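Pasting entry.cif here (mmCIF, C-alpha atoms):
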data_work
loop_
_atom_site.label_atom_id
_atom_site.label_comp_id
_atom_site.auth_asym_id
_atom_site.auth_seq_id
_atom_site.Cartn_x
_atom_site.Cartn_y
_atom_site.Cartn_z
CA MET A 1 -40.63 -19.77 0.50
CA SER A 2 -43.42 -17.58 -0.87
CA GLU A 3 -43.58 -16.59 -4.55
CA LEU A 4 -42.68 -12.99 -3.60
CA GLU A 5 -39.43 -13.89 -1.83
CA ILE A 6 -36.28 -13.35 -3.89
CA PRO A 7 -33.54 -15.92 -3.28
CA GLU A 8 -30.09 -14.79 -2.18
CA ILE A 9 -27.05 -15.54 -4.27
CA THR A 10 -23.60 -16.42 -2.94
CA ILE A 11 -20.62 -15.15 -4.93
CA PRO A 12 -17.13 -16.45 -4.11
CA VAL A 13 -14.39 -14.06 -5.18
CA GLY A 14 -10.92 -15.61 -5.18
CA PRO A 15 -8.40 -16.97 -4.68
CA GLN A 16 -7.67 -16.71 -8.44
CA HIS A 17 -9.29 -13.93 -10.43
CA PRO A 18 -8.00 -11.13 -12.69
CA ALA A 19 -10.31 -8.54 -11.09
CA LEU A 20 -8.53 -8.83 -7.75
CA HIS A 21 -4.98 -9.73 -8.82
CA GLU A 22 -4.30 -11.18 -5.36
CA PRO A 23 -4.69 -14.68 -3.80
CA GLU A 24 -7.58 -14.06 -1.44
CA ASN A 25 -11.11 -15.39 -1.21
CA PHE A 26 -14.23 -13.35 -0.52
CA THR A 27 -17.68 -14.94 -0.45
CA PHE A 28 -20.50 -12.50 -1.18
CA LYS A 29 -24.15 -13.06 -0.38
CA VAL A 30 -26.18 -10.95 -2.76
CA ASP A 31 -29.84 -10.07 -3.08
CA GLY A 32 -30.38 -9.01 -6.67
CA GLU A 33 -27.74 -6.35 -7.29
CA TYR A 34 -27.06 -5.70 -3.58
CA VAL A 35 -24.33 -7.26 -1.45
CA VAL A 36 -25.94 -8.53 1.76
CA ASP A 37 -22.94 -10.09 3.51
CA VAL A 38 -19.22 -10.69 2.94
CA GLU A 39 -16.91 -13.33 4.37
CA ALA A 40 -13.14 -13.28 3.83
CA ARG A 41 -11.01 -16.42 3.91
CA ILE A 42 -7.29 -15.75 4.08
CA GLY A 43 -4.35 -18.12 3.82
CA TYR A 44 -4.15 -18.96 0.12
CA ASN A 45 -0.64 -17.58 -0.18
CA HIS A 46 2.10 -18.80 2.15
CA ARG A 47 5.66 -18.26 0.95
CA GLY A 48 7.24 -19.09 4.30
CA ILE A 49 9.33 -15.93 4.45
CA GLU A 50 9.18 -15.70 8.24
CA LYS A 51 10.36 -19.30 8.62
CA ALA A 52 13.00 -18.87 5.93
CA ALA A 53 14.42 -15.92 7.88
CA GLU A 54 15.36 -18.23 10.75
CA SER A 55 17.88 -20.10 8.57
CA ARG A 56 19.48 -17.00 7.07
CA SER A 57 21.80 -14.38 8.49
CA TYR A 58 20.56 -10.86 9.20
CA ILE A 59 22.37 -9.56 6.11
CA GLN A 60 20.83 -12.25 3.91
CA ASN A 61 17.42 -11.43 5.35
CA LEU A 62 17.71 -7.87 4.06
CA TYR A 63 17.07 -9.14 0.55
CA LEU A 64 14.52 -11.70 1.67
CA PHE A 65 12.30 -9.16 3.44
CA GLU A 66 12.67 -6.73 0.55
CA ARG A 67 10.73 -9.27 -1.49
CA VAL A 68 7.74 -9.47 0.82
CA CYS A 69 6.23 -6.82 -1.46
CA GLY A 70 7.60 -5.26 -4.64
CA ILE A 71 5.82 -1.94 -4.08
CA CYS A 72 6.68 -1.70 -0.34
CA SER A 73 10.14 -3.25 -0.46
CA HIS A 74 11.88 -0.26 1.13
CA ALA A 75 9.23 -0.04 3.86
CA HIS A 76 9.92 -3.64 4.87
CA THR A 77 13.68 -3.24 4.96
CA THR A 78 13.27 0.01 6.91
CA ALA A 79 11.29 -1.81 9.61
CA PHE A 80 13.74 -4.73 9.53
CA THR A 81 16.94 -2.66 9.81
CA LEU A 82 15.51 -0.37 12.49
CA ASN A 83 14.57 -3.49 14.48
CA ILE A 84 18.07 -4.95 14.31
CA GLU A 85 19.72 -1.58 14.96
CA GLU A 86 17.56 -1.27 18.08
CA LEU A 87 18.92 -4.59 19.37
CA LEU A 88 22.48 -3.57 18.46
CA ASP A 89 21.98 -0.14 20.05
CA THR A 90 23.48 1.33 16.89
CA PRO A 91 21.13 3.79 15.15
CA LYS A 92 21.60 4.79 11.54
CA PRO A 93 23.85 7.85 11.07
CA PRO A 94 21.88 11.10 10.52
CA ARG A 95 22.73 11.23 6.81
CA ALA A 96 21.55 7.64 6.36
CA GLN A 97 18.26 8.44 8.09
CA TYR A 98 17.59 11.25 5.64
CA ILE A 99 18.55 9.16 2.61
CA SER A 100 16.33 6.28 3.77
CA MET A 101 13.46 8.74 4.32
CA ILE A 102 13.89 10.20 0.81
CA VAL A 103 13.71 6.72 -0.75
CA ALA A 104 10.67 5.89 1.44
CA GLU A 105 8.82 8.93 0.11
CA LEU A 106 9.82 8.21 -3.49
CA GLU A 107 8.41 4.73 -2.97
CA ARG A 108 5.21 6.24 -1.54
CA ILE A 109 4.75 8.43 -4.63
CA HIS A 110 5.39 5.38 -6.81
CA SER A 111 2.83 3.28 -4.92
CA HIS A 112 0.11 5.94 -4.77
CA THR A 113 0.37 6.89 -8.45
CA LEU A 114 0.34 3.21 -9.42
CA TRP A 115 -2.74 2.64 -7.27
CA ALA A 116 -4.60 5.70 -8.59
CA GLY A 117 -4.03 4.47 -12.12
CA VAL A 118 -5.37 1.03 -11.21
CA ALA A 119 -8.42 2.69 -9.62
CA GLY A 120 -9.08 4.45 -12.92
CA HIS A 121 -8.74 1.13 -14.73
CA GLU A 122 -11.24 -0.56 -12.38
CA ILE A 123 -13.94 2.02 -13.17
CA GLY A 124 -13.23 2.12 -16.90
CA PHE A 125 -11.47 5.51 -16.81
CA HIS A 126 -8.53 4.31 -18.89
CA SER A 127 -7.15 7.72 -19.83
CA PHE A 128 -6.70 8.41 -16.09
CA PHE A 129 -4.83 5.11 -15.85
CA MET A 130 -2.55 5.84 -18.81
CA TYR A 131 -1.65 9.40 -17.75
CA LEU A 132 -0.84 8.35 -14.18
CA TRP A 133 1.30 5.43 -15.26
CA ARG A 134 3.11 7.69 -17.68
CA ASP A 135 3.97 10.10 -14.87
CA ARG A 136 4.82 7.18 -12.60
CA GLU A 137 7.83 6.62 -14.85
CA VAL A 138 9.29 9.88 -13.51
CA VAL A 139 9.53 8.55 -9.97
CA MET A 140 10.74 5.14 -11.13
CA ASP A 141 13.57 6.81 -13.03
CA LEU A 142 14.45 8.73 -9.86
CA LEU A 143 14.50 5.52 -7.81
CA GLU A 144 16.81 4.02 -10.41
CA ALA A 145 19.06 7.08 -10.22
CA VAL A 146 19.32 6.73 -6.42
CA SER A 147 19.64 2.95 -6.14
CA GLY A 148 20.35 1.51 -9.57
CA ASN A 149 17.04 -0.40 -9.49
CA ARG A 150 13.45 0.40 -10.45
CA VAL A 151 11.70 -2.05 -8.10
CA HIS A 152 13.80 -3.58 -5.31
CA TYR A 153 16.14 -0.77 -4.33
CA ALA A 154 18.45 -2.49 -1.82
CA VAL A 155 19.13 0.89 -0.19
CA ASN A 156 18.79 0.01 3.50
CA THR A 157 21.40 -1.96 5.34
CA ILE A 158 22.02 -2.65 9.02
CA GLY A 159 23.87 0.40 10.28
CA GLY A 160 22.80 2.84 7.56
CA VAL A 161 22.22 2.77 3.81
CA ARG A 162 24.21 1.22 0.97
CA ARG A 163 24.25 4.24 -1.35
CA ASP A 164 24.85 7.95 -0.92
CA ILE A 165 23.01 10.75 -2.74
CA THR A 166 25.48 12.58 -4.97
CA PRO A 167 25.07 16.19 -6.18
CA GLU A 168 24.13 14.86 -9.63
CA VAL A 169 21.37 12.65 -8.19
CA GLU A 170 20.17 15.50 -5.98
CA LYS A 171 19.75 17.68 -9.08
CA LYS A 172 17.67 14.96 -10.75
CA LEU A 173 15.53 14.59 -7.63
CA ARG A 174 14.76 18.30 -7.46
CA LYS A 175 13.81 18.43 -11.14
CA GLY A 176 11.64 15.34 -10.76
CA MET A 177 9.84 16.84 -7.75
CA ASP A 178 8.90 19.90 -9.82
CA ILE A 179 7.40 17.70 -12.54
CA LEU A 180 5.54 15.46 -10.10
CA GLU A 181 4.13 18.34 -8.09
CA GLU A 182 2.60 19.89 -11.19
CA ARG A 183 1.11 16.58 -12.40
CA LEU A 184 -0.23 15.55 -8.98
CA LYS A 185 -2.02 18.88 -8.61
CA THR A 186 -3.63 18.25 -12.01
CA TYR A 187 -4.88 14.84 -10.85
CA ARG A 188 -6.26 16.29 -7.64
CA THR A 189 -8.28 18.82 -9.68
CA LEU A 190 -9.42 16.00 -11.96
CA ALA A 191 -10.57 13.88 -9.02
CA LEU A 192 -12.57 16.81 -7.64
CA GLU A 193 -14.16 17.87 -10.94
CA GLU A 194 -14.29 14.96 -13.41
CA PRO A 195 -17.98 13.81 -13.57
CA THR A 196 -17.15 10.24 -14.61
CA LEU A 197 -14.81 9.66 -11.70
CA ILE A 198 -17.09 11.35 -9.18
CA LYS A 199 -20.16 9.39 -10.33
CA ARG A 200 -18.37 6.07 -9.92
CA CYS A 201 -16.58 6.82 -6.64
CA GLU A 202 -18.62 9.29 -4.59
CA GLY A 203 -20.72 7.59 -1.93
CA VAL A 204 -19.30 4.16 -2.83
CA GLY A 205 -17.67 1.97 -0.16
CA VAL A 206 -18.45 4.26 2.77
CA LEU A 207 -16.43 3.66 5.95
CA LYS A 208 -17.63 5.89 8.77
CA PRO A 209 -15.06 7.12 11.33
CA GLU A 210 -16.53 5.07 14.17
CA ASP A 211 -16.40 1.93 12.01
CA ALA A 212 -12.84 2.70 10.92
CA ARG A 213 -11.77 2.86 14.58
CA ARG A 214 -13.79 -0.19 15.61
CA LEU A 215 -12.40 -2.30 12.76
CA CYS A 216 -8.83 -1.02 13.25
CA ALA A 217 -8.37 0.27 9.70
CA VAL A 218 -4.93 1.63 8.86
CA GLY A 219 -3.22 3.93 6.39
CA PRO A 220 -5.06 5.87 3.68
CA THR A 221 -8.15 3.74 4.34
CA LEU A 222 -8.26 5.15 7.90
CA ARG A 223 -7.31 8.70 6.98
CA ALA A 224 -9.95 8.79 4.22
CA SER A 225 -12.50 8.43 7.03
CA GLY A 226 -11.40 11.68 8.63
CA ILE A 227 -9.00 10.19 11.21
CA LYS A 228 -5.53 11.74 11.23
CA HIS A 229 -3.33 8.85 12.27
CA ASP A 230 0.06 8.25 10.66
CA VAL A 231 2.98 6.40 12.26
CA ARG A 232 5.39 8.94 10.76
CA ALA A 233 3.74 11.64 12.90
CA ASN A 234 2.42 9.66 15.88
CA ASP A 235 5.56 7.60 16.50
CA PRO A 236 8.29 9.22 14.37
CA TYR A 237 11.23 7.22 13.05
CA LEU A 238 14.13 8.12 10.75
CA ALA A 239 14.01 11.96 10.47
CA TYR A 240 10.27 12.57 10.11
CA ASP A 241 10.18 14.66 13.29
CA GLU A 242 12.73 17.06 11.75
CA ILE A 243 10.62 17.79 8.66
CA ASP A 244 7.61 20.10 8.31
CA TRP A 245 4.74 18.12 6.76
CA GLU A 246 1.03 17.41 7.30
CA VAL A 247 -0.98 14.24 7.89
CA VAL A 248 -3.55 14.16 5.08
CA SER A 249 -7.15 13.23 5.78
CA TYR A 250 -10.55 13.64 4.12
CA ASP A 251 -13.94 13.10 5.72
CA LEU A 252 -15.88 11.92 2.63
CA CYS A 253 -15.31 8.35 3.87
CA ASP A 254 -15.77 6.80 0.40
CA VAL A 255 -13.67 5.62 -2.54
CA LEU A 256 -13.31 9.20 -3.79
CA SER A 257 -11.92 10.14 -0.39
CA ARG A 258 -9.32 7.37 -0.65
CA ILE A 259 -8.24 8.65 -4.06
CA LEU A 260 -7.86 12.20 -2.75
CA VAL A 261 -5.91 11.08 0.33
CA ARG A 262 -3.39 9.21 -1.79
CA ILE A 263 -2.92 12.05 -4.26
CA ASP A 264 -2.41 14.58 -1.45
CA GLU A 265 -0.07 12.19 0.39
CA ALA A 266 2.03 11.95 -2.75
CA LEU A 267 2.18 15.75 -2.78
CA GLN A 268 3.28 15.74 0.85
CA SER A 269 6.00 13.27 -0.14
CA VAL A 270 7.24 15.81 -2.68
CA TYR A 271 7.47 18.44 0.08
CA ILE A 272 9.23 16.01 2.44
CA ILE A 273 11.84 15.08 -0.19
CA ARG A 274 12.62 18.72 -0.96
CA GLN A 275 13.13 19.55 2.71
CA ALA A 276 15.21 16.41 3.25
CA LEU A 277 17.50 17.42 0.41
CA ASP A 278 17.79 20.92 1.89
CA LYS A 279 18.65 19.53 5.33
CA LEU A 280 20.71 16.51 4.25
CA PRO A 281 23.42 16.23 6.96
CA ASP A 282 27.08 15.71 6.24
CA GLY A 283 28.92 12.69 7.58
CA PRO A 284 28.96 8.93 6.97
CA TYR A 285 25.97 7.12 5.50
CA LYS A 286 26.74 3.77 7.17
CA VAL A 287 28.69 2.32 10.09
CA ARG A 288 30.09 -1.13 10.73
CA VAL A 289 28.05 -3.42 12.98
CA PRO A 290 28.79 -6.89 14.42
CA ARG A 291 27.40 -10.01 12.70
CA ASN A 292 25.97 -11.44 15.92
CA VAL A 293 23.01 -9.61 17.45
CA PRO A 294 22.55 -9.56 21.25
CA GLU A 295 19.70 -11.56 22.74
CA GLY A 296 16.45 -9.64 22.99
CA GLU A 297 13.21 -8.65 21.33
CA SER A 298 12.19 -5.61 19.32
CA VAL A 299 9.03 -4.34 17.62
CA MET A 300 9.14 -1.67 14.95
CA ARG A 301 6.28 0.20 13.30
CA VAL A 302 6.61 2.16 10.06
CA GLU A 303 4.03 3.86 7.87
CA ALA A 304 4.13 1.83 4.67
CA GLN A 305 2.15 2.98 1.67
CA ARG A 306 -0.90 0.95 2.66
CA GLY A 307 -0.68 1.81 6.36
CA GLU A 308 0.90 0.70 9.60
CA LEU A 309 3.47 -2.07 9.03
CA ILE A 310 4.66 -4.01 12.09
CA HIS A 311 7.85 -6.09 12.31
CA TYR A 312 8.79 -8.19 15.36
CA VAL A 313 12.15 -9.90 15.95
CA ARG A 314 13.48 -12.17 18.68
CA SER A 315 17.24 -12.64 18.76
CA ASN A 316 19.10 -15.56 20.36
CA GLY A 317 22.54 -13.95 20.28
CA THR A 318 23.68 -15.46 16.95
CA ASP A 319 23.84 -14.02 13.43
CA ARG A 320 20.35 -15.39 12.68
CA PRO A 321 16.96 -14.45 14.18
CA ASP A 322 15.25 -16.92 16.47
CA ARG A 323 11.82 -15.67 15.35
CA TYR A 324 10.55 -13.02 12.98
CA LYS A 325 6.95 -11.85 12.47
CA ILE A 326 5.40 -9.38 10.03
CA ARG A 327 1.94 -7.80 10.22
CA SER A 328 1.17 -6.17 6.89
CA PRO A 329 -1.30 -3.26 6.51
CA THR A 330 -3.60 -5.24 4.23
CA LEU A 331 -4.30 -7.76 6.99
CA GLY A 332 -5.37 -4.86 9.20
CA ASN A 333 -7.76 -3.55 6.53
CA ILE A 334 -9.57 -6.82 5.71
CA PRO A 335 -12.33 -6.33 8.34
CA ALA A 336 -12.90 -2.78 7.09
CA VAL A 337 -13.19 -3.76 3.42
CA CYS A 338 -15.63 -6.56 4.28
CA HIS A 339 -17.75 -4.03 6.17
CA ILE A 340 -17.82 -1.40 3.40
CA LEU A 341 -18.75 -3.96 0.75
CA LYS A 342 -22.01 -4.71 2.54
CA GLY A 343 -25.00 -2.82 1.19
CA GLY A 344 -23.23 -1.93 -2.04
CA TYR A 345 -23.71 -3.15 -5.59
CA ILE A 346 -22.10 -6.15 -7.26
CA ALA A 347 -20.81 -3.73 -9.90
CA ASP A 348 -18.87 -1.83 -7.22
CA ILE A 349 -17.01 -4.88 -5.87
CA PRO A 350 -13.82 -4.33 -7.97
CA ILE A 351 -13.30 -0.66 -7.09
CA VAL A 352 -14.24 -1.11 -3.41
CA LEU A 353 -11.80 -4.01 -3.02
CA ALA A 354 -9.16 -1.99 -4.85
CA SER A 355 -9.78 1.06 -2.66
CA ILE A 356 -7.78 -0.38 0.25
CA ASP A 357 -4.92 -1.13 -2.17
CA PRO A 358 -4.81 -4.82 -1.15
CA CYS A 359 -1.55 -6.75 -1.30
CA PHE A 360 -2.00 -10.51 -0.86
CA SER A 361 0.43 -11.34 -3.70
CA CYS A 362 -0.29 -13.18 -6.94
CA THR A 363 -3.78 -13.65 -8.42
CA ASP A 364 -7.31 -14.24 -7.17
CA ARG A 365 -10.49 -15.95 -8.39
CA MET A 366 -14.09 -14.78 -8.36
CA ALA A 367 -17.22 -16.95 -8.45
CA PHE A 368 -20.94 -16.29 -7.93
CA VAL A 369 -23.29 -18.66 -6.11
CA ASP A 370 -27.08 -18.23 -6.08
CA VAL A 371 -28.08 -19.17 -2.53
CA ASN A 372 -31.63 -19.91 -3.63
CA THR A 373 -30.95 -22.17 -6.59
CA GLY A 374 -27.40 -23.26 -5.85
CA LYS A 375 -26.33 -22.12 -9.32
CA LYS A 376 -22.64 -21.17 -9.58
CA TRP A 377 -20.76 -19.20 -12.21
CA VAL A 378 -17.35 -17.63 -12.65
CA TRP A 379 -16.49 -14.35 -14.39
CA THR A 380 -13.11 -13.20 -15.51
CA GLY A 381 -11.95 -9.79 -14.35
CA GLU A 382 -12.73 -8.27 -17.75
CA GLN A 383 -16.25 -9.80 -17.75
CA LEU A 384 -16.94 -8.26 -14.34
CA ARG A 385 -15.61 -4.89 -15.47
CA ARG A 386 -17.81 -4.97 -18.63
CA TYR A 387 -20.79 -5.88 -16.47
CA ALA A 388 -20.01 -3.01 -14.08
CA ARG A 389 -19.73 -0.48 -16.93
CA LYS A 390 -22.91 -1.70 -18.61
CA TRP A 391 -24.91 -1.80 -15.38
CA ARG A 392 -23.68 1.64 -14.32
CA GLY A 393 -24.37 3.06 -17.76
#
Spell out the structure here as structure tokens.
Amino acid sequence: MSELEIPEITIPVGPQHPALHEPENFTFKVDGEYVVDVEARIGYNHRGIEKAAESRSYIQNLYLFERVCGICSHAHTTAFTLNIEELLDTPKPPRAQYISMIVAELERIHSHTLWAGVAGHEIGFHSFFMYLWRDREVVMDLLEAVSGNRVHYAVNTIGGVRRDITPEVEKKLRKGMDILEERLKTYRTLALEEPTLIKRCEGVGVLKPEDARRLCAVGPTLRASGIKHDVRANDPYLAYDEIDWEVVSYDLCDVLSRILVRIDEALQSVYIIRQALDKLPDGPYKVRVPRNVPEGESVMRVEAQRGELIHYVRSNGTDRPDRYKIRSPTLGNIPAVCHILKGGYIADIPIVLASIDPCFSCTDRMAFVDVNTGKKWVWTGEQLRRYARKWRG
């Protein structure tokens, strides 16, 4: 090696590190402040939910699959119940479809506002974080009013939903939508005009449309690259085809674009909920179904908050599944996030990783390895954030 050559450094990130909050490992090769290459290693978290489902009845699995993800619990039970109802040839009653859709959109608002606050935290914009999490309480109170719970709602069941929406709850929902619409519009303006946020997010983590397609990105990550693809519109389920709403997309292709997509999607959720309340059908909200499910296979796709969620079930004719498989949106976005990290700065690693809203569960670790000297070091999440703020000025 000549005296002018600068050695590369290898930086492992994960599987335990406060900056990522998820059990995943990324190894970064860096040249000075630039990320040259990224390698992801998955498999640090295996709770055995799919295998556990085989020894539990379909009703018991409702509460098991709800705990795949705390933020997307309703999305998972929606995919699960629609799968089983497909095998039973017993769709949810119309009123149940609307109620399930309302809860799904409340959950989407909850997830997107939570994520936007975390994004502000990652770039040191803590007032953005605090305001968003304050307003997030509005939607959590509404979820509690509908279901009795703030996190796992236990609304879906096979053959419908477990709870009806009463006139009192409907009144609370309408009032909450007015508050959230006003606040979300404020945050959209802030994202478009606040210099601090724009400086840290514009042009960072760029995912071009052709790369988004090639790497099979999903959800807001895909739509922030100018591609209008949403399972709710492309392959409607529940009552999404009976509601007037728009698929949100931005063509900035960067972290700022992903913020704007999520804020506007939350606004669309407000519009969907209002229309669903206006059109809420009369009739039962659940029907009785048999315990044993006929032999067969079914695949269901739903648009979870992070993107396309896929559930597969194989039934053997008993009251327990023979096989169950889940493909989460985060798995689909790993190739894309590895791609957009390349060519960026070390200081941008936290916000770029956060921009896909990863959900691997639990906590992750970050380490840095100098490929020239072999030197290794580990930073806590707060140390990396301080470094990012200092380096960015």
Could you list, as a list in words, every residue within 8 Å of A:Glu265, counting only C-alpha atoms and ignoring same-chain residues fewer than 4 positions away?
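Final neighbour list, sorted by chain and number: Ile109, Val247, Val248, Val261 and Ser269 of chain A.
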Run the PyMOL selection byres ((chain A and resi 39) around 6) against the file shown and list the residues it catches, as a list of chain:residue names.
A:Phe26, A:Thr27, A:Val38, A:Ala40
Let me know the residues the PyMOL selection byres ((chain A and resi 128) around 10) catches in the file above, as a PyMOL selection string.
chain A and resi 116-121+124-127+129-134+187+190-191+197
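Atom CA of A:Arg274 lies 26.8 Å from atom CA of A:Glu85.
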Suppose a student applies the PyMOL selection byres ((chain A and resi 49) around 10) to this structure; what residues should they get, written as a list in words?
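This file gives the following for the PyMOL selection byres ((chain A and resi 49) around 10): His46, Arg47, Gly48, Glu50, Lys51, Ala52, Ala53, Glu54, Asn61, Leu64, Phe65, Arg67, Val68, Tyr324, Lys325 and Ile326 of chain A.
For the choices A:Gly70, A:Pro350, A:Gly344, A:Gly332, the atom-to-atom distance to A:Leu215 is smallest for A:Gly332 when using only C-alpha atoms.
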Counting all atoms listed in the file, which of A:Cys253, A:Val139, A:Gly219, A:Arg95 gets nearest to A:Leu173?
A:Val139
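Across A:Pro91, A:Pro284, A:Gly296, A:Pro321, the tightest approach to A:Ala239 is made by A:Pro91 when counting only C-alpha atoms.
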Pick from A:Leu222, A:Leu260, A:Cys216, A:Val151 nearest to A:Glu137, counting all atoms listed in the file
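Using all atoms listed in the file, A:Glu137 sits closest to A:Val151.
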Which residues, written as a PDB file with C-alpha atoms, in the frame of the given file, have at least one atom at most 9 Å from A:Arg163, with all atoms listed in the file counted and residues fewer than 5 positions away on the same chain left out?
ATOM      1  CA  ALA A  96      21.550   7.640   6.360  1.00  0.00           C
ATOM      2  CA  ILE A  99      18.550   9.160   2.610  1.00  0.00           C
ATOM      3  CA  VAL A 146      19.320   6.730  -6.420  1.00  0.00           C
ATOM      4  CA  SER A 147      19.640   2.950  -6.140  1.00  0.00           C
ATOM      5  CA  ALA A 154      18.450  -2.490  -1.820  1.00  0.00           C
ATOM      6  CA  VAL A 155      19.130   0.890  -0.190  1.00  0.00           C
ATOM      7  CA  ASN A 156      18.790   0.010   3.500  1.00  0.00           C
ATOM      8  CA  TYR A 285      25.970   7.120   5.500  1.00  0.00           C
ATOM      9  CA  LYS A 286      26.740   3.770   7.170  1.00  0.00           C
TER      10      LYS A 286
END
If I take atom CA of A:Arg301 and atom CA of A:Cys359, how far is one from the other in Å, to one decimal?
18.0 Å
Please determine an axis-aligned box that encloses all atoms of stretch 324-341 of chain A listed in the file, with 3 Å added on each side, and express its centre and edge lengths in Å to one decimal as AutoDock Vina command-line options.
--center_x -4.1 --center_y -7.2 --center_z 6.9 --size_x 35.3 --size_y 17.6 --size_z 18.2
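Excluding A:Met300 itself and same-chain residues fewer than 3 positions from it, the residues having an atom within 6 Å of it are Ala79, Asn83, Ile310 and His311 of chain A, counting only C-alpha atoms.
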Proximity to A:Arg183 - best of A:Asn25, A:Thr113, A:Ser298, A:Asn234, all atoms listed in the file
A:Thr113
To one decimal place, how far is atom CA of A:Thr166 from atom CA of A:Glu107 in Å?
18.9 Å
Selection near A:Asn316, 8 Å with all atoms listed in the file, sequence-local residues under 4 positions removed, as JSON, numbers by chain:
{"A": [293, 294, 295, 296, 320, 321, 322]}
Which polymer residues, whether protein, DNA or RNA, lie within 7 Å of the coordinate (-14.4, 7.3, 1.7) when you count all atoms listed in the file? List them as an NGL selection string, using the chain letters and numbers from the file.
:A and (205-207 or 224-225 or 252-258)
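Closest approach to A:Arg306 among A:Cys69, A:Val289, A:Val352, A:Ile179: A:Cys69, based on all atoms listed in the file.
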